[in-house]
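Peer 1: Here you go, this is entry-v7.cif (mmCIF, C-alpha atoms).
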```
data_protein
#
loop_
_atom_site.label_atom_id
_atom_site.label_comp_id
_atom_site.auth_asym_id
_atom_site.auth_seq_id
_atom_site.Cartn_x
_atom_site.Cartn_y
_atom_site.Cartn_z
CA MET A 1 281.84 -25.24 -89.87
CA ARG A 2 278.11 -24.83 -90.49
CA LEU A 3 276.49 -28.01 -89.27
CA ALA A 4 272.99 -29.51 -89.21
CA ILE A 5 271.76 -32.50 -87.24
CA VAL A 6 268.70 -34.22 -88.69
CA GLY A 7 266.92 -36.17 -85.97
CA ALA A 8 268.36 -34.05 -83.17
CA THR A 9 265.76 -35.09 -80.59
CA GLY A 10 266.28 -38.84 -81.01
CA MET A 11 268.57 -40.96 -78.84
CA VAL A 12 271.47 -40.92 -81.28
CA GLY A 13 270.93 -37.26 -82.20
CA ARG A 14 271.19 -36.19 -78.58
CA ILE A 15 274.36 -38.21 -78.08
CA ILE A 16 275.87 -36.74 -81.27
CA LEU A 17 275.44 -33.30 -79.67
CA LYS A 18 277.08 -34.60 -76.49
CA VAL A 19 280.04 -36.07 -78.40
CA LEU A 20 280.48 -32.90 -80.49
CA GLU A 21 280.73 -30.97 -77.23
CA GLU A 22 283.12 -33.44 -75.60
CA ARG A 23 285.44 -33.55 -78.61
CA LYS A 24 285.37 -29.75 -79.00
CA ILE A 25 284.38 -29.70 -82.66
CA ASN A 26 284.49 -26.08 -83.85
CA ILE A 27 280.96 -25.22 -85.05
CA THR A 28 280.20 -21.71 -86.27
CA GLU A 29 276.51 -22.29 -87.04
CA LEU A 30 274.29 -25.12 -85.81
CA PHE A 31 270.87 -26.14 -87.10
CA LEU A 32 268.81 -28.75 -85.27
CA VAL A 33 266.12 -30.54 -87.26
CA ALA A 34 263.24 -32.52 -85.82
CA SER A 35 259.79 -33.86 -86.73
CA GLU A 36 256.79 -31.55 -87.06
CA SER A 37 255.66 -32.30 -83.50
CA SER A 38 258.91 -30.88 -82.10
CA VAL A 39 259.39 -27.87 -84.40
CA GLY A 40 259.66 -24.63 -82.45
CA LYS A 41 260.84 -26.32 -79.26
CA LYS A 42 264.35 -25.61 -78.02
CA MET A 43 267.44 -27.68 -77.28
CA LEU A 44 270.60 -26.69 -75.44
CA PHE A 45 274.12 -26.99 -76.88
CA LEU A 46 277.16 -25.40 -75.21
CA ASN A 47 274.82 -23.40 -72.96
CA LYS A 48 273.04 -21.86 -75.94
CA GLU A 49 269.43 -22.53 -76.92
CA TYR A 50 268.60 -23.59 -80.47
CA LYS A 51 265.09 -23.67 -81.88
CA LEU A 52 264.19 -26.88 -83.67
CA ILE A 53 263.42 -26.42 -87.36
CA ARG A 54 261.82 -28.38 -90.21
CA LEU A 55 263.86 -30.45 -92.62
CA VAL A 56 262.63 -28.42 -95.58
CA ASP A 57 264.10 -25.29 -93.96
CA LEU A 58 267.61 -26.74 -94.36
CA LEU A 59 267.42 -26.23 -98.11
CA LYS A 60 267.49 -22.48 -97.46
CA LYS A 61 270.53 -22.64 -95.14
CA ASN A 62 274.18 -22.19 -96.06
CA LEU A 63 275.60 -25.50 -94.80
CA ASP A 64 278.85 -27.46 -94.91
CA LEU A 65 277.71 -30.71 -93.34
CA ALA A 66 274.55 -32.53 -92.23
CA LEU A 67 274.50 -35.48 -89.83
CA PHE A 68 271.44 -37.67 -90.40
CA SER A 69 269.97 -39.89 -87.70
CA ALA A 70 266.34 -40.03 -88.75
CA GLY A 71 265.89 -43.37 -90.51
CA ALA A 72 266.22 -44.70 -94.04
CA ALA A 73 263.12 -43.07 -95.52
CA ILE A 74 264.23 -39.57 -94.51
CA ALA A 75 267.80 -40.22 -95.66
CA LYS A 76 266.66 -41.56 -99.03
CA GLU A 77 264.62 -38.45 -99.79
CA TRP A 78 266.63 -35.64 -98.23
CA ALA A 79 270.32 -36.58 -98.21
CA PRO A 80 270.61 -36.36 -102.03
CA LYS A 81 268.82 -32.99 -102.03
CA LEU A 82 271.42 -31.56 -99.67
CA ALA A 83 274.31 -33.25 -101.47
CA GLU A 84 273.19 -31.66 -104.74
CA ARG A 85 273.57 -28.29 -103.01
CA GLY A 86 277.17 -29.07 -102.03
CA VAL A 87 276.41 -30.18 -98.47
CA LYS A 88 278.26 -33.28 -97.26
CA VAL A 89 276.07 -35.80 -95.46
CA ILE A 90 276.94 -38.51 -92.93
CA ASP A 91 274.00 -40.89 -92.59
CA ASN A 92 273.33 -43.29 -89.73
CA SER A 93 270.59 -45.25 -91.47
CA SER A 94 271.00 -48.42 -93.53
CA TYR A 95 269.91 -46.80 -96.80
CA PHE A 96 273.31 -45.91 -98.33
CA ARG A 97 275.50 -48.53 -96.65
CA MET A 98 275.59 -51.13 -99.39
CA LYS A 99 275.36 -48.78 -102.36
CA LYS A 100 278.59 -48.94 -104.39
CA LYS A 101 279.00 -45.18 -104.85
CA HIS A 102 278.87 -44.48 -101.10
CA LYS A 103 281.66 -45.32 -98.68
CA LEU A 104 280.98 -47.17 -95.43
CA ILE A 105 283.41 -45.73 -92.91
CA ILE A 106 284.92 -46.73 -89.58
CA PRO A 107 287.65 -44.07 -89.29
CA GLU A 108 290.20 -46.28 -87.50
CA ILE A 109 289.89 -48.88 -90.27
CA ASN A 110 289.23 -47.13 -93.57
CA GLY A 111 289.01 -43.41 -92.87
CA GLU A 112 291.89 -42.81 -95.28
CA GLN A 113 289.52 -43.68 -98.15
CA LEU A 114 287.56 -40.45 -97.73
CA GLN A 115 287.81 -38.02 -100.64
CA ASN A 116 286.38 -34.63 -101.51
CA SER A 117 284.00 -36.28 -103.96
CA ASP A 118 282.28 -38.21 -101.15
CA MET A 119 279.11 -36.20 -100.62
CA ILE A 120 277.07 -38.89 -98.80
CA ILE A 121 279.01 -41.08 -96.37
CA ALA A 122 277.41 -44.05 -94.62
CA ASN A 123 277.87 -44.90 -90.96
CA PRO A 124 277.93 -48.70 -90.45
CA ASN A 125 275.54 -50.71 -88.34
CA CYS A 126 276.34 -50.59 -84.61
CA SER A 127 277.01 -54.34 -84.41
CA THR A 128 279.32 -54.21 -87.42
CA ILE A 129 281.39 -51.36 -85.99
CA GLN A 130 282.15 -53.12 -82.72
CA LEU A 131 282.81 -56.41 -84.51
CA LEU A 132 285.32 -54.97 -86.98
CA MET A 133 287.23 -52.71 -84.60
CA PRO A 134 289.14 -55.70 -83.10
CA LEU A 135 288.97 -57.83 -86.24
CA ALA A 136 290.69 -55.31 -88.51
CA ALA A 137 294.10 -55.67 -86.82
CA LEU A 138 293.78 -59.46 -86.66
CA HIS A 139 292.87 -59.65 -90.33
CA LYS A 140 295.89 -57.58 -91.28
CA LYS A 141 298.19 -59.97 -89.44
CA PHE A 142 296.60 -63.40 -89.84
CA ILE A 143 294.01 -63.03 -92.68
CA ILE A 144 290.49 -63.90 -91.56
CA GLN A 145 288.71 -66.54 -93.61
CA ARG A 146 285.49 -67.00 -91.65
CA VAL A 147 283.61 -65.37 -88.77
CA ILE A 148 280.73 -66.85 -86.79
CA VAL A 149 279.10 -64.21 -84.61
CA SER A 150 276.20 -64.31 -82.18
CA THR A 151 275.05 -60.93 -80.92
CA TYR A 152 273.42 -60.05 -77.60
CA GLN A 153 271.90 -56.67 -78.47
CA SER A 154 270.39 -54.20 -76.02
CA VAL A 155 266.92 -52.76 -76.49
CA SER A 156 268.27 -49.24 -77.06
CA GLY A 157 269.24 -50.47 -80.52
CA THR A 158 265.52 -50.48 -81.34
CA GLY A 159 264.80 -47.05 -79.84
CA MET A 160 262.96 -45.34 -77.01
CA LYS A 161 259.79 -47.42 -77.41
CA ALA A 162 261.79 -50.59 -76.80
CA ILE A 163 263.41 -49.12 -73.68
CA GLN A 164 259.93 -48.22 -72.46
CA GLN A 165 258.64 -51.74 -73.15
CA LEU A 166 261.45 -53.24 -71.07
CA LYS A 167 260.81 -50.75 -68.26
CA ASN A 168 257.05 -51.36 -68.31
CA GLU A 169 257.46 -55.13 -68.17
CA GLU A 170 260.02 -54.92 -65.38
CA GLU A 171 257.63 -52.74 -63.35
CA GLY A 172 254.51 -54.75 -64.22
CA VAL A 173 252.94 -51.88 -66.13
CA THR A 174 250.74 -52.52 -69.17
CA GLY A 175 251.98 -50.59 -72.18
CA GLY A 176 252.77 -50.64 -75.87
CA MET A 177 254.97 -53.42 -77.28
CA ILE A 178 257.54 -52.76 -79.99
CA TYR A 179 258.62 -56.41 -79.98
CA PRO A 180 256.33 -59.36 -80.84
CA HIS A 181 257.01 -60.92 -77.40
CA PRO A 182 257.95 -59.72 -73.92
CA ILE A 183 261.64 -58.81 -73.59
CA TYR A 184 261.94 -58.68 -69.79
CA GLN A 185 263.42 -61.97 -68.50
CA ASN A 186 263.48 -63.16 -72.09
CA THR A 187 265.70 -63.27 -75.18
CA LEU A 188 264.45 -62.81 -78.73
CA PRO A 189 266.44 -64.36 -81.62
CA HIS A 190 264.85 -61.71 -83.81
CA CYS A 191 266.62 -58.41 -84.59
CA ASP A 192 265.04 -56.54 -87.51
CA VAL A 193 262.90 -58.16 -90.21
CA PHE A 194 263.15 -61.79 -91.34
CA GLN A 195 264.15 -62.32 -94.96
CA ASP A 196 263.25 -65.12 -97.39
CA ASN A 197 266.44 -67.03 -96.51
CA GLY A 198 265.50 -67.20 -92.81
CA TYR A 199 268.05 -64.60 -91.70
CA THR A 200 267.12 -61.18 -90.36
CA LYS A 201 268.23 -57.90 -91.91
CA GLU A 202 270.52 -57.35 -88.92
CA GLU A 203 272.30 -60.65 -89.57
CA ILE A 204 272.69 -59.87 -93.25
CA LYS A 205 274.06 -56.41 -92.40
CA LEU A 206 276.83 -58.01 -90.34
CA THR A 207 277.75 -60.22 -93.29
CA MET A 208 277.61 -57.68 -96.10
CA GLU A 209 279.08 -54.70 -94.23
CA THR A 210 282.05 -56.77 -93.06
CA LYS A 211 282.78 -57.67 -96.67
CA LYS A 212 282.49 -54.06 -97.85
CA ILE A 213 284.64 -52.54 -95.09
CA LEU A 214 287.23 -55.23 -94.42
CA ASP A 215 287.48 -57.84 -97.17
CA ASN A 216 284.99 -59.32 -99.62
CA ASN A 217 286.64 -62.74 -99.14
CA ILE A 218 285.64 -63.00 -95.46
CA GLU A 219 282.67 -65.31 -94.91
CA VAL A 220 280.36 -64.28 -92.06
CA SER A 221 277.55 -66.25 -90.44
CA ALA A 222 275.52 -64.29 -87.88
CA THR A 223 272.74 -64.84 -85.35
CA ALA A 224 271.38 -61.64 -83.83
CA VAL A 225 269.59 -61.81 -80.48
CA ARG A 226 267.80 -59.10 -78.48
CA VAL A 227 268.40 -59.27 -74.72
CA PRO A 228 266.82 -57.43 -71.76
CA VAL A 229 269.68 -54.94 -71.38
CA SER A 230 269.04 -51.21 -71.76
CA ARG A 231 272.33 -50.22 -73.38
CA GLY A 232 275.45 -51.91 -74.69
CA HIS A 233 275.73 -54.68 -77.28
CA SER A 234 277.74 -57.88 -76.76
CA GLU A 235 279.05 -60.36 -79.32
CA SER A 236 280.40 -63.89 -79.12
CA VAL A 237 282.79 -64.25 -82.04
CA ASN A 238 284.55 -67.27 -83.52
CA ILE A 239 287.25 -66.52 -86.10
CA THR A 240 289.11 -68.85 -88.44
CA PHE A 241 292.38 -67.52 -89.88
CA GLU A 242 294.44 -68.44 -92.92
CA LYS A 243 297.65 -68.21 -90.89
CA GLU A 244 298.64 -69.91 -87.65
CA PHE A 245 298.86 -67.68 -84.58
CA LYS A 246 300.08 -67.58 -81.01
CA LEU A 247 297.81 -66.17 -78.33
CA LYS A 248 300.42 -63.63 -77.28
CA GLU A 249 300.40 -62.32 -80.88
CA ILE A 250 296.60 -61.95 -80.69
CA TYR A 251 296.85 -60.01 -77.44
CA SER A 252 299.59 -57.79 -78.87
CA ALA A 253 297.57 -56.99 -82.01
CA LEU A 254 294.45 -56.14 -80.01
CA GLU A 255 296.27 -54.12 -77.37
CA ASN A 256 297.87 -52.02 -80.10
CA SER A 257 294.59 -51.39 -81.94
CA LYS A 258 293.39 -47.81 -81.66
CA GLY A 259 290.01 -47.65 -79.93
CA VAL A 260 290.19 -51.22 -78.62
CA ILE A 261 290.68 -52.10 -74.94
CA VAL A 262 291.47 -55.63 -73.77
CA VAL A 263 289.75 -56.64 -70.52
CA ASP A 264 290.70 -60.26 -69.97
CA ASN A 265 291.68 -61.55 -66.55
CA ILE A 266 289.61 -64.60 -65.70
CA LEU A 267 291.47 -65.09 -62.41
CA LYS A 268 289.88 -61.82 -61.24
CA ASP A 269 286.57 -62.34 -63.10
CA GLU A 270 287.41 -59.45 -65.41
CA TYR A 271 285.82 -59.42 -68.86
CA PRO A 272 283.78 -56.88 -70.85
CA MET A 273 280.16 -56.34 -69.76
CA PRO A 274 277.47 -53.90 -70.96
CA ILE A 275 277.11 -52.48 -67.47
CA ASN A 276 280.70 -51.16 -67.66
CA VAL A 277 280.73 -49.62 -71.16
CA LYS A 278 278.01 -46.95 -70.98
CA ASP A 279 279.21 -43.57 -72.30
CA LYS A 280 282.55 -45.04 -73.38
CA ASP A 281 283.83 -44.73 -76.94
CA GLU A 282 286.15 -47.73 -77.00
CA VAL A 283 285.36 -51.31 -77.97
CA PHE A 284 286.17 -53.83 -75.24
CA VAL A 285 287.46 -57.35 -75.90
CA GLY A 286 287.90 -60.30 -73.55
CA ARG A 287 287.53 -64.08 -73.15
CA ILE A 288 290.32 -64.41 -75.70
CA ARG A 289 291.03 -68.10 -76.21
CA ARG A 290 292.03 -70.56 -78.86
CA ASP A 291 289.24 -72.69 -80.33
CA PHE A 292 290.59 -76.18 -79.63
CA SER A 293 287.90 -77.78 -81.84
CA PHE A 294 289.05 -76.26 -85.13
CA ASP A 295 292.42 -75.43 -86.65
CA LYS A 296 293.66 -71.80 -86.67
CA SER A 297 290.54 -70.59 -84.88
CA LEU A 298 289.93 -68.16 -82.03
CA ASN A 299 287.08 -67.11 -79.71
CA LEU A 300 286.47 -63.51 -78.59
CA TRP A 301 283.86 -61.65 -76.52
CA ILE A 302 283.28 -58.07 -77.72
CA VAL A 303 281.23 -55.37 -75.95
CA ALA A 304 280.58 -51.71 -76.77
CA ASP A 305 278.14 -48.88 -76.15
CA ASN A 306 275.92 -49.16 -79.21
CA LEU A 307 274.82 -45.52 -78.98
CA ARG A 308 278.37 -44.15 -78.72
CA LYS A 309 280.95 -45.96 -80.89
CA GLY A 310 278.12 -47.89 -82.51
CA ALA A 311 276.49 -44.70 -83.78
CA ALA A 312 277.15 -41.16 -82.47
CA THR A 313 280.88 -41.32 -81.78
CA ASN A 314 281.68 -43.02 -85.08
CA THR A 315 279.70 -40.28 -86.85
CA VAL A 316 281.67 -37.53 -85.12
CA GLN A 317 284.93 -39.34 -85.81
CA ILE A 318 284.04 -39.28 -89.52
CA VAL A 319 283.57 -35.51 -89.13
CA GLU A 320 287.03 -35.32 -87.55
CA SER A 321 288.50 -37.35 -90.43
CA LEU A 322 286.96 -34.96 -92.95
CA LEU A 323 288.40 -31.99 -91.06
CA GLU A 324 291.86 -33.60 -90.76
CA LYS A 325 291.90 -34.27 -94.50
CA LYS A 326 290.71 -30.69 -95.13
CA LEU A 327 287.58 -31.98 -96.84
CA LEU A 328 285.43 -29.59 -94.77
CA LYS A 329 285.75 -25.90 -94.06
#
```
Do you think you could lay out the structure here as structure tokens?

Peer 2:
Amino acid sequence: MRLAIVGATGMVGRIILKVLEERKINITELFLVASESSVGKKMLFLNKEYKLIRLVDLLKKNLDLALFSAGAAIAKEWAPKLAERGVKVIDNSSYFRMKKKHKLIIPEINGEQLQNSDMIIANPNCSTIQLLMPLAALHKKFIIQRVIVSTYQSVSGTGMKAIQQLKNEEEGVTGGMIYPHPIYQNTLPHCDVFQDNGYTKEEIKLTMETKKILDNNIEVSATAVRVPVSRGHSESVNITFEKEFKLKEIYSALENSKGVIVVDNILKDEYPMPINVKDKDEVFVGRIRRDFSFDKSLNLWIVADNLRKGAATNTVQIVESLLEKKLLK
């Protein structure tokens, strides 16, 4: 497989390389693309050095697949150019996610939908991926009607500048601010840009992507909050089902969900936490309890590494799905 990574020097790009290595994806040719300031520098993959190249140079390469992690503007302009040349693209940005002609894929949930005609495939938002991994099995069994989710999102979801802001504030160092307020010892109910309806783009993504991937009939109300954690997103989730359930049935469904791990022993103070999920590909669920205030309702606490399953790992799993279905060379 002849593979390109667009945005190879970014946080997600670097982890994509790490996951490709871990999962032993067979790559015959690799092209690493970066911004002008990084062109000519070298990166290491499987003990071999690769010189970083310009995006325009990809148009001259014989490629099978390009993994984009360089933002919506780059994806909008360049993904179609590669697709027109017969190169499949998996994009991590938000640009293609809600477009009807492009599939939004979490392999464990809807990977079977992939077809040879899919030239540009969208990777969902990190918060959506970890939300739907446990919810998919529950929806299949009990039919979800409504979800209320509050997120506790780490600064790595914003990028390196946000990590640096948190570090600077923790150390008392004056530096640039990516957020409108301090994040150290603070929480910001403000992830992404506010829209006319008072919700942020991040909150709307959770709503619309859930409908596209799982079921258009599911109603979702979201509040997205940034917290002073470097890595790992958490979510408090309230679910209302159409069917009645027993807690043991909930546990059974979650424990048998591929890629989901239940950590729920309150007698031993065991529940998912960001500090425990770094570099892990699974989605962790705990604090599983019936909502006694509303009929057929359940509370969950969901935590995952937003840079792994929330971005890089899901991308590579889409690659694996394409290979399994013989949709790539």

Peer 1: Assuming the chain letters and numbering stay as they are in my file, what does the PyMOL selection byres ((chain A and resi 98) around 10) actually select? List them as a PyMOL selection string.

Peer 2: chain A and resi 94-97+99-104+122+124+205+208-209+212

Peer 1: So for stretch 197-212 of chain A, what box centre and size do we get, axis-aligned, 4 Å extra on each of the six sides, every listed atom, Å to one decimal, as lines of an AutoDock Vina configuration file?

Peer 2:
```
center_x = 274.1
center_y = -60.6
center_z = -93.4
size_x = 25.3
size_y = 21.1
size_z = 16.9
```

Peer 1: Name all residues at most 12 Å from A:Arg14 (count all atoms listed in the file; drop same-chain ones fewer than 6 positions away) and give them as a PyMOL selection string.

Peer 2: chain A and resi 5-8+20-21+32-34+43-45+67-70+307-308+311-313

Peer 1: Restricting it to C-alpha atoms, dump the selection as an mmCIF file, keeping the file's coordinate frame.

Peer 2:
```
data_model
loop_
_atom_site.group_PDB
_atom_site.id
_atom_site.type_symbol
_atom_site.label_atom_id
_atom_site.label_comp_id
_atom_site.auth_asym_id
_atom_site.auth_seq_id
_atom_site.Cartn_x
_atom_site.Cartn_y
_atom_site.Cartn_z
ATOM 1 C CA ILE A 5 271.760 -32.500 -87.240
ATOM 2 C CA VAL A 6 268.700 -34.220 -88.690
ATOM 3 C CA GLY A 7 266.920 -36.170 -85.970
ATOM 4 C CA ALA A 8 268.360 -34.050 -83.170
ATOM 5 C CA LEU A 20 280.480 -32.900 -80.490
ATOM 6 C CA GLU A 21 280.730 -30.970 -77.230
ATOM 7 C CA LEU A 32 268.810 -28.750 -85.270
ATOM 8 C CA VAL A 33 266.120 -30.540 -87.260
ATOM 9 C CA ALA A 34 263.240 -32.520 -85.820
ATOM 10 C CA MET A 43 267.440 -27.680 -77.280
ATOM 11 C CA LEU A 44 270.600 -26.690 -75.440
ATOM 12 C CA PHE A 45 274.120 -26.990 -76.880
ATOM 13 C CA LEU A 67 274.500 -35.480 -89.830
ATOM 14 C CA PHE A 68 271.440 -37.670 -90.400
ATOM 15 C CA SER A 69 269.970 -39.890 -87.700
ATOM 16 C CA ALA A 70 266.340 -40.030 -88.750
ATOM 17 C CA LEU A 307 274.820 -45.520 -78.980
ATOM 18 C CA ARG A 308 278.370 -44.150 -78.720
ATOM 19 C CA ALA A 311 276.490 -44.700 -83.780
ATOM 20 C CA ALA A 312 277.150 -41.160 -82.470
ATOM 21 C CA THR A 313 280.880 -41.320 -81.780
#
```

Peer 1: Choose the residue, out of A:Thr210, A:Thr9, A:Asn92, A:Ser150, that has the smallest atom-to-atom separation from A:Glu36; count only C-alpha atoms.

Peer 2: A:Thr9

Peer 1: Suppose you want the space between atom CA of A:Val225 and atom CA of A:Ala75; what is it in Å?

Peer 2: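 Here the two named atoms are 26.5 Å from each other.
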
Peer 1: Between A:Val89, A:Ile163, A:Met133, A:Val227, which residue has the minimum interatomic distance to A:Met11, considering only C-alpha atoms?

Peer 2: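 Closest to A:Met11 of all the choices is A:Ile163.
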
Peer 1: With only C-alpha atoms as the atoms that count, which of A:Lys325, A:Lys88, A:His233, A:Arg54 lies nearest to A:Val277?

Peer 2: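 Of all the options, A:His233 lies closest to A:Val277.
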
Peer 1: When distances are computed from only C-alpha atoms, which of A:Asp281, A:Glu49, A:Asp64, A:Glu22 shows the smallest separation from A:Arg2?

Peer 2: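 Once distances to A:Arg2 are computed over only C-alpha atoms, the minimum belongs to A:Asp64.
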
Peer 1: Could you tell me how far atom CA of A:Gly157 sits from atom CA of A:Lys140, in Å to one decimal place?

Peer 2: 29.6 Å

Peer 1: What does the distance between atom CA of A:Leu131 and atom CA of A:Ser221 come to in Å, to one decimal place?

Peer 2: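 Straight-line distance from atom CA of A:Leu131 to atom CA of A:Ser221 works out to 12.6 Å.
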
Peer 1: Fix up stretch 143-159 of chain A with N, CA and C atoms, then write it as a JSON list (two decimals), in the coordinates of the input.

Peer 2:
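Output below, filename rebuild.json:
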```json
[["chain", "number", "residue", "atom", "x", "y", "z"],
["A", 143, "ILE", "N", 294.97, -62.85, -91.58],
["A", 143, "ILE", "CA", 294.01, -63.03, -92.68],
["A", 143, "ILE", "C", 292.81, -63.89, -92.24],
["A", 144, "ILE", "N", 291.71, -63.22, -92.00],
["A", 144, "ILE", "CA", 290.49, -63.90, -91.56],
["A", 144, "ILE", "C", 289.80, -64.56, -92.75],
["A", 145, "GLN", "N", 289.45, -65.82, -92.58],
["A", 145, "GLN", "CA", 288.71, -66.54, -93.61],
["A", 145, "GLN", "C", 287.21, -66.60, -93.30],
["A", 146, "ARG", "N", 286.89, -66.83, -92.01],
["A", 146, "ARG", "CA", 285.49, -67.00, -91.65],
["A", 146, "ARG", "C", 285.22, -66.46, -90.25],
["A", 147, "VAL", "N", 284.03, -65.88, -90.07],
["A", 147, "VAL", "CA", 283.61, -65.37, -88.77],
["A", 147, "VAL", "C", 282.21, -65.92, -88.47],
["A", 148, "ILE", "N", 282.05, -66.47, -87.28],
["A", 148, "ILE", "CA", 280.73, -66.85, -86.79],
["A", 148, "ILE", "C", 280.44, -65.96, -85.59],
["A", 149, "VAL", "N", 279.39, -65.16, -85.67],
["A", 149, "VAL", "CA", 279.10, -64.21, -84.61],
["A", 149, "VAL", "C", 277.67, -64.35, -84.13],
["A", 150, "SER", "N", 277.51, -64.38, -82.82],
["A", 150, "SER", "CA", 276.20, -64.31, -82.18],
["A", 150, "SER", "C", 276.16, -63.03, -81.37],
["A", 151, "THR", "N", 275.14, -62.20, -81.62],
["A", 151, "THR", "CA", 275.05, -60.93, -80.92],
["A", 151, "THR", "C", 274.06, -61.00, -79.76],
["A", 152, "TYR", "N", 274.30, -60.18, -78.76],
["A", 152, "TYR", "CA", 273.42, -60.05, -77.60],
["A", 152, "TYR", "C", 273.13, -58.55, -77.51],
["A", 153, "GLN", "N", 272.09, -58.10, -78.22],
["A", 153, "GLN", "CA", 271.90, -56.67, -78.47],
["A", 153, "GLN", "C", 270.88, -56.05, -77.51],
["A", 154, "SER", "N", 271.25, -54.90, -76.97],
["A", 154, "SER", "CA", 270.39, -54.20, -76.02],
["A", 154, "SER", "C", 269.18, -53.58, -76.71],
["A", 155, "VAL", "N", 268.17, -53.28, -75.93],
["A", 155, "VAL", "CA", 266.92, -52.76, -76.49],
["A", 155, "VAL", "C", 267.07, -51.33, -77.02],
["A", 156, "SER", "N", 268.08, -50.60, -76.56],
["A", 156, "SER", "CA", 268.27, -49.24, -77.06],
["A", 156, "SER", "C", 268.57, -49.23, -78.55],
["A", 157, "GLY", "N", 269.01, -50.38, -79.09],
["A", 157, "GLY", "CA", 269.24, -50.47, -80.52],
["A", 157, "GLY", "C", 267.95, -50.36, -81.32],
["A", 158, "THR", "N", 266.82, -50.60, -80.67],
["A", 158, "THR", "CA", 265.52, -50.48, -81.34],
["A", 158, "THR", "C", 264.91, -49.11, -81.14],
["A", 159, "GLY", "N", 265.31, -48.40, -80.07],
["A", 159, "GLY", "CA", 264.80, -47.05, -79.84],
["A", 159, "GLY", "C", 264.10, -46.90, -78.51]]
```
